[in-house]
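Visitor: What follows is a structure written as structure tokens; I'll ask about it next.
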Amino acid sequence: MPRWIQGTVVDNIHWTESLFSLKIDADVDSFTAGQFASLALDIDGERVARPYSYLSSPDQNPLEFFFYTATDGVLSNALVKLNAGDTIWITQKSNGYFILDEVPAFDDLWMLGTGTGVAPFFSILNTDEPWQRFNRIVLVHAVRSLADLRYQEMVSALQQKYPERLLFQAFITREEIPGTIKGRVPAAIKDGSLEQAVNLELGVDKSHIMLCGNPDMVKDAVEVLKARGFSKNRRRTPGNITAENYW
Ligand SMILES: Cc1cc2nc3c(=O)[nH]c(=O)nc-3n(C[C@H](O)[C@H](O)[C@H](O)COP(=O)(O)OP(=O)(O)OC[C@H]3O[C@@H](n4cnc5c(N)ncnc54)[C@H](O)[C@@H]3O)c2cc1C
């Protein structure tokens, strides 16, 4: 049984009709950037819990999470209604292996996320470790519309802090916006347009790729990467690809 502690909502930021972020004050145990906690609410007498990646980095307070309100989703549609001062359950301990401790040494790190799947990347990017370990870091945020492209100010702040080292590329599937790629991430890996856009090549000997979010994107990207010789990263057989599926 997880050990639940009570947190207090500090802020609920409604970005769009289906995207929001919660800032939560809670005395959780220290976690590693990239990990997730479980959040829960008591709904009709039952504790409804789901895992959520930390968007905030371990030294940040309040804690921050980034949500999509899933169609008919039980918990996300209850979380979106929370206001400052409301209470929420959160697990004291965090979990997960989508962390840099699991990533072997490579020159460059590619972080490819769909929707709210960028959350663990921001948690990791706001720590020192990736900047000590990798030359260049590519962050990809794939969304449907420009309005869904959130946390751009965090990207700009990181780019200012680490000039030339953070390469950002947005994918927008439903709109044509200059500077963004209209299409899917796996297709852009396959035809080379992602590498062309960020002006950096993927290489089996130099790149590690972290994938997070929509399981279709993850599966198709892994397939395309495997066809180019990249291998999945496993504890016994270190490789190029580390993935986290949100459902
Ligand atoms: C390790 C891990 C970390 C996660 N971190 C996050 C996070 O940081 N932010 C977040 O919004 N979700 C995250 N999720 C998904 C989250 O746990 C829930 O599945 C989601 O909030 C839906 O719960 P629900 O009760 O509202 O919907 P449910 O009734 O449980 O419906 C689930 C359905 O919603 C859809 N769905 C679930 N998550 C998403 C999503 N993020 N974007 C689009 N569609 C989705 C899928 O079709 C899924 O089958 C994570 C999942 C895992 C396994």
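Residues are referred to by chain and number: the chain letter is A, B, ... according to the order shown in the structure tokens, the number counts from 1 in that chain, and ligands are numbered separately from 1 in the order shown.
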Apply DSSP to the structure's backbone, then extract all residues of region 14-240 of chain A labelled alpha helix (DSSP H) and return them as a VMD selection string.
Guide: chain A and resid 74 to 79 119 to 125 129 to 133 152 to 161 185 to 190 193 to 198 215 to 227
Visitor: Neighbours of ligand 1 within 7 Å, counting only C-alpha atoms and all ligand atoms, as number ranges by chain?
Guide: A: 36, 50-54, 65-77, 96, 115-117, 119, 213-214, 244-247
Visitor: Measuring between only C-alpha atoms, which one of A:Ala33, A:Ile43, A:Leu79, A:Val10 shows the shortest distance to Asp59 (chain A)?
Guide: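 Checking each of A:Ala33, A:Ile43, A:Leu79, A:Val10 against Asp59 (chain A), counting only C-alpha atoms, the winner is A:Ala33.
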Visitor: Using only C-alpha atoms, which residues of region 12-50 of chain A come within 10 Å of region 122-142 of chain A, and what is the closest atom pair for each, with the distance in Å to one decimal? Give it as a tab-separated table, sorted by chain and residue number.
Guide:
```
residue	atom	partner	partner_atom	distance
A:Thr32	CA	A:Ile124	CA	8.4
A:Ala33	CA	A:Ile124	CA	4.9
A:Gly34	CA	A:Ile124	CA	5.9
A:Gln35	CA	A:Ser123	CA	8.8
```
Visitor: Might you pull out every residue within 8 Å of Lys182 (chain A), with only C-alpha atoms counted and same-chain residues fewer than 6 positions away left off, and present them as a list in words?
Guide: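 Counting only the stated atoms, we get Phe171, Ile172, Thr173, Arg174, Glu175 and Glu176 of chain A.
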Visitor: Here is a test: counting only C-alpha atoms, which residue of A:Ala243, A:Val9, A:Leu41, A:Met154 is nearest to Leu100 (chain A)?
Guide: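 Looking only at the distances to Leu100 (chain A), the closest residue turns out to be A:Ala243.
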